[in-house]
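Some notes on the structure that comes next.
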Amino acid sequence: MPLTAIHYLHVSQPRHGRGVTLLGSQFTVREFKIIGKRIPPKDAFDKVTGTGTYVYDMELPGMLYAKLVQSTKPHAKIKGIDYSKALQVPGVVSVATGRDFPFRIGIYVGDRDLLAIDKVLWVGHPVAAVIADSVRAAEKALDLIYIDYDPLPAVFDPIESMKPDAPLLHPDLGRYRVSPAFKPRPGTNIANEFHLKRGDIEKGFSKAEVVVEGDFSLPFMSHVYMETQAVIAHYRQNGYIDLWTSAQSPFAVRYLMGMSLGMPMGRIRVHVPYIGGGFGGKAGLGWEPLVAMLSRKVGYKPVKLLLTRSEQFRLAPVVAGVRGWGKIGLDRNGRIVAYQARFIFDSGAFGDYTVNVSRTAGYACTGSYEIENAECESYAVYTNKIPTTALRGFGYPENHWVLERLIDKAAKELGMDPVKVRSLNLLKPGVSYTGTGARLREDAGNPQKVLEEVAKGLGWGEKARDSSKPWRVRAKGLAVSVKGPSQPPDASASAIIKFNEDASVDVLVGTGNFGQGTVTSLAMIVAEEFGIPLDKVHVHELRSTNDSAYTWQTVGSRGLFTDGSALLEAIRDAKSKIKRVASAALRVSEDHLEIADGKVYVKGKPWHYIPLERIVMGYTFENGNAIGGPIIGSGRHIAELNTYLDPDTGQGTPTIFYTFGGTGVEVEVDLLTGEVKVVKAVQAFDIGKAINPLLVEGQMIGGFVMGQSRALYEEIIFDEMGAVANPNLSFYYVARAPDIPEEWVLRIIETPQTDGPYGARGIGENVMIAVAPAIGNALFHGLGVDVRHLPMKAERVWRAIREQRPELYQKALSALKEEIRREYESLTRR
Amino acid sequence: MGQVITLKVNGVLREVEVEPYELLADVLRDKLGYKGVKKGCWRGECGLCTIIMNGEAVKSCIILAVEADGAEIETVEGLARNGRLSPVQDAYVKNAGLQCGFCTPGFIMASEYIVRRNANREITPGEVRSALSGTICRCTGYKQIIDSVLEAHRRIKIVR
Ligand code: FES
Ligand code: FES
């Protein structure tokens, strides 16, 4: 095996201590003790010792186990269900069917049932649930449930599904609960449509020197979070429901449960321990309402539902496939004068969350560029396939796959360098208007710098290195990206800190912990602000809606920004309470006090202080008189000045920040097999401030590899019944250790945003958006081979090479033959 | 019909009654309480259930419990001594070789095996990559995991 030396370049500026933070409206240089340091994740000890608890691991006394019966028909009426035999299996306690729960749930479009109600919508649709005292008993019973179906015509293709005579999946679409930003079209299979209109598209194209268009697509994919979905529900006789769930957003689960079950929110207590990965697939509402209802049905006993990997592939929501189309016009100088795009999201049987994914793809269709004339439309369309939901970065990987590829194609037509074209058209903070017509704020970051760093890191303009064999070719490509959180304009967050007797601090936040590092960063903020060691800051791994601080959801790369801002407000609150007490104790006015190093000082007189321990539970004077009391600080954050988008034109202000970034790759393509190997990755992001560069790099690397995996390998395959044909990790391949690039260039750019914590913006999702377009561009730029459908798997690339560059293929073949001949000769000579 | 088997798990002898169809991973998790043994695929594809059995790294979800009768088994719970992490665990912490942590026990056991097995020789990054190819991590992108293994191996060699 050829072994190439690893040569890791880590460049992140500034790495230690010193950073520039915007306070109020002026820049202040501030020395940091903890912020900006490379600190290991706080929960690492639990995880390396295998002692961290996930819902998957949990058992409650008297707990029962549920298993789901899957539909074998893609679209059919349920005529009858006979489960009498199942009930005779020893250990089986009960069987539930859709008739038991005749209502629908969902986050944006309430189109989901708990179990199929009278009709099934895909092969895999849960039709009944068996509850038993062991998983094995439940599994045995599954085979003894007989379902009588009356088949209906099914539709698997989203384009077919949009036609007026297509079989309807949801005849009651007009009666579902829909949140304000969404527009299902009753009487059709369209779960949502979105239109963006800006400027005059005709006029724009009339000014174009070159116009390039193309069809693009992305397949269905699976999140493959390693912890499959797991829920334990205990519906109690006293009317409370306790839920332990592997869900990203405990408060969203509570809210949506309350709404769909018509229950008072405070009676639903959602507990979330460590989460074994989420990537958007555990946002919104999952199996919680079903398992809660099953718990009630079996006489108020705790019930656990844990999906196996193959169940996960067949019946839990995956990521929508997309048919995209785009058309771009550049004038003679390389300015984008018009852009048009269309995205059809195949949402499968339920549109629930995917309506927001498709909407986001639509409103953010113009990417990182200033485009005066743009028209984009997006649709989420029902088909008789597995339902879909959010995935890391949703909407953006899809629209970037179209736009970032078209830019390279148009640049080539025009004979210009694609980096130059990008640079000419990038949004300018403080000057430009985004696709939704919102002025980009002055402190939104430095897109030009991002592009520059990617190009530099990649050695853009220098020839790609020689490959190891003449039939393998090296090529370079890059793409830029932008993304902000897709959240309602009024999404909010809060934080609470409370001091303990030893002046250590408990931090209560609502943000879920699936390894993204937010919790560590939040703890670092508290340690920094009070000048206490990091191990005196405690963030419990368990979130419970009844005693964690509220946050809307843990999605959209918003956690650090929103919860971090709330936390800073809580810290200010606690500080002012501490100072009030200290002012009486030290007999100086509050403005003369300062908190640092775990002490309250009189400014300018560092010897005149009280340690925090003596204040945070109340201050006691020498004679025993006491003042103050336990210190608790609280803070909140709400998106300010965000708006709903205009229903006809999609204009408005949808996000609280945009993070600009870019990805570059060097790939080695085997011309004879079509196999693409990524040998070098460049990631550059302007995140305002890296609170913890070690964890930021973790996001950049992890996101790159997930993006690479999606770009090159991942695809759910459907059979002629619309059933998932590769429901396991052998036939659904995800990137493994040998697949990753050997060389990495990671750049963190820090242009602070005034209202972010220390100037920070989010990053968690941005890291995977531009990977596929960068790889696609490398094939296009370096090989002259245009692949527009994901994944760029070997077979597809091989076909593209043979069709588009037959001479390259022939040359490679001759080179191989030549090598074999030489080898043969040298062997026979010996 | 149940059968009693004996396992030595992390140095402790355990007797447990198992059914002939039961998998070692399930017995370790559900009957003996070693919840550090995770399952991500149920069929030998993801490596999350990796343990060290009689000195070899194996996937415990594709081994019948009865096959393991008499075996000496190490799980992730057995590595740290009195709150002190093993060099491999420690390197994972320092290099942030984990995010959600769900794959971590499987990776740690695979890494322990690599590091021990190669304690007396150099290992290359390429060898570490292929040695880890049986285990899936969806969060980290593997680089920090590979770095952790290389660091742990370096430290073990220095100690020796
Ligand atoms: S659970 Fe054993 S290899 Fe996946
Ligand atoms: S850390 Fe999440 S799967 Fe590896």
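Identifiers in this document derive from the order of the structure tokens: chains are assigned A, B, ..., residues are numbered from 1 separately in each chain, and ligands are numbered from 1 in order of occurrence.
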>> Among chain B, which ones does DSSP assign to strand (DSSP E or B) (computed from the backbone)? Answer as a PyMOL selection string.
In response: chain B and resi 3-9+12-18+23+50-53+56-59+64+72-74+81+84
>> Please find the residues of chain B near chain A - the criterion being any atom within 6 Å, counting only C-alpha atoms - and write them as a PyMOL selection string.
In response: chain B and resi 36+40-41+76-77+89+93-94+96+99-102+105+126+129-130+133+139-142
> Could you pull the residues within 10 Å of Asn384 of chain A, counting only C-alpha atoms, minus those fewer than 3 positions along the same chain, as JSON, numbers by chain?
Replying inline: {"A": [73, 74, 75, 120, 121, 122, 123, 125, 153, 154, 155, 156, 157, 158, 161, 167, 168, 169, 346, 347, 348, 349, 350, 387, 721, 722, 723]}
> Quick one: distance from atom CA of Arg177 of chain A to atom CA of Ala292 of chain A in Å, one decimal?
Replying inline: 20.9 Å
>> If the limit is 7 Å from any atom of ligand 1, counting only C-alpha atoms and all ligand atoms, which residues qualify? Return them as a PyMOL selection string.
In response: chain B and resi 38-50+59-62
>> Going by DSSP on the backbone, which residues of segment 335-406 of chain A come out as helix (DSSP H, G or I)? List them as a list of chain:residue names.
In response: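 DSSP-assigned helix (DSSP H, G or I) residues in segment 335-406 of chain A: A:Thr354, A:Val355, A:Asn356, A:Val357, A:Ser358, A:Arg359, A:Thr360, A:Ala361, A:Gly362, A:Tyr363, A:Tyr396, A:Pro397, A:Glu398, A:Asn399, A:His400, A:Trp401, A:Val402, A:Leu403, A:Glu404, A:Arg405, A:Leu406.
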> Rounded to one decimal in Å, what is the spacing between atom CA of Val135 of chain A and atom CA of Ile108 of chain B?
Replying inline: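 About the pair atom CA of Val135 of chain A and atom CA of Ile108 of chain B: they are 28.7 Å apart.
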> Counting only C-alpha atoms, what is within 7 Å of segment 359-362 of chain A, bar same-chain residues fewer than 6 positions away, as a VMD selection string?
Replying inline: chain A and resid 194 to 196 376 to 378 395 to 396 398 to 399 486
> Do you know which residues are at most 8 Å from Ser179 of chain A counting only C-alpha atoms, after dropping those on the same chain fewer than 5 positions away, and could you put them as JSON, numbers by chain?
Replying inline: {"A": [107, 108, 109]}
> Could you name the residues that touch segment 749-753 of chain A at 6 Å or less, counting only C-alpha atoms, but leaving out those on the same chain fewer than 5 positions away, as a list in words?
Replying inline: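 So, after excluding close chain neighbours, the residues are Asp443, Gly445, Phe685, Asp686, Ile687, Gly688, Lys689 and Gly759 of chain A.
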For the selection you just gave me, I'd like the residues written to a file as an mmCIF file, in the first residue's frame, keeping N, CA and C atoms.
```cif
data_model
loop_
_atom_site.group_PDB
_atom_site.id
_atom_site.type_symbol
_atom_site.label_atom_id
_atom_site.label_comp_id
_atom_site.auth_asym_id
_atom_site.auth_seq_id
_atom_site.Cartn_x
_atom_site.Cartn_y
_atom_site.Cartn_z
ATOM 1 N N ASP A 443 -20.866 43.701 9.882
ATOM 2 C CA ASP A 443 -19.990 42.786 10.615
ATOM 3 C C ASP A 443 -20.315 41.329 10.300
ATOM 4 N N GLY A 445 -18.804 39.365 8.411
ATOM 5 C CA GLY A 445 -17.646 38.521 8.099
ATOM 6 C C GLY A 445 -16.952 39.012 6.848
ATOM 7 N N PHE A 685 -13.238 29.184 7.232
ATOM 8 C CA PHE A 685 -14.515 29.745 7.679
ATOM 9 C C PHE A 685 -14.295 30.993 8.509
ATOM 10 N N ASP A 686 -15.133 31.966 8.263
ATOM 11 C CA ASP A 686 -15.082 33.176 9.078
ATOM 12 C C ASP A 686 -16.117 33.048 10.180
ATOM 13 N N ILE A 687 -15.649 32.579 11.335
ATOM 14 C CA ILE A 687 -16.601 32.295 12.408
ATOM 15 C C ILE A 687 -16.589 33.378 13.475
ATOM 16 N N GLY A 688 -15.969 34.522 13.163
ATOM 17 C CA GLY A 688 -16.024 35.636 14.104
ATOM 18 C C GLY A 688 -15.047 35.482 15.240
ATOM 19 N N LYS A 689 -15.173 34.389 15.961
ATOM 20 C CA LYS A 689 -14.257 34.108 17.061
ATOM 21 C C LYS A 689 -14.288 32.620 17.347
ATOM 22 N N GLY A 759 -17.984 37.811 19.612
ATOM 23 C CA GLY A 759 -17.926 38.025 18.169
ATOM 24 C C GLY A 759 -18.192 36.770 17.357
#
```
> What's the 8 Å shell around Phe657 of chain A, counting only C-alpha atoms, without same-chain residues fewer than 3 positions away, as number ranges by chain?
Replying inline: A: 444, 484-485, 761
> Taking into account only C-alpha atoms and all ligand atoms, which residue in the set B:Leu98, B:Lys157, B:Leu7, B:Ser111 is nearest to ligand 2?
Replying inline: B:Leu98
> Pick the closest to ligand 2 from B:Ile158, B:Val18, B:Val37, B:Cys103: which is it, counting only C-alpha atoms and all ligand atoms?
Replying inline: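 Among the listed residues, B:Cys103 lies closest to ligand 2.
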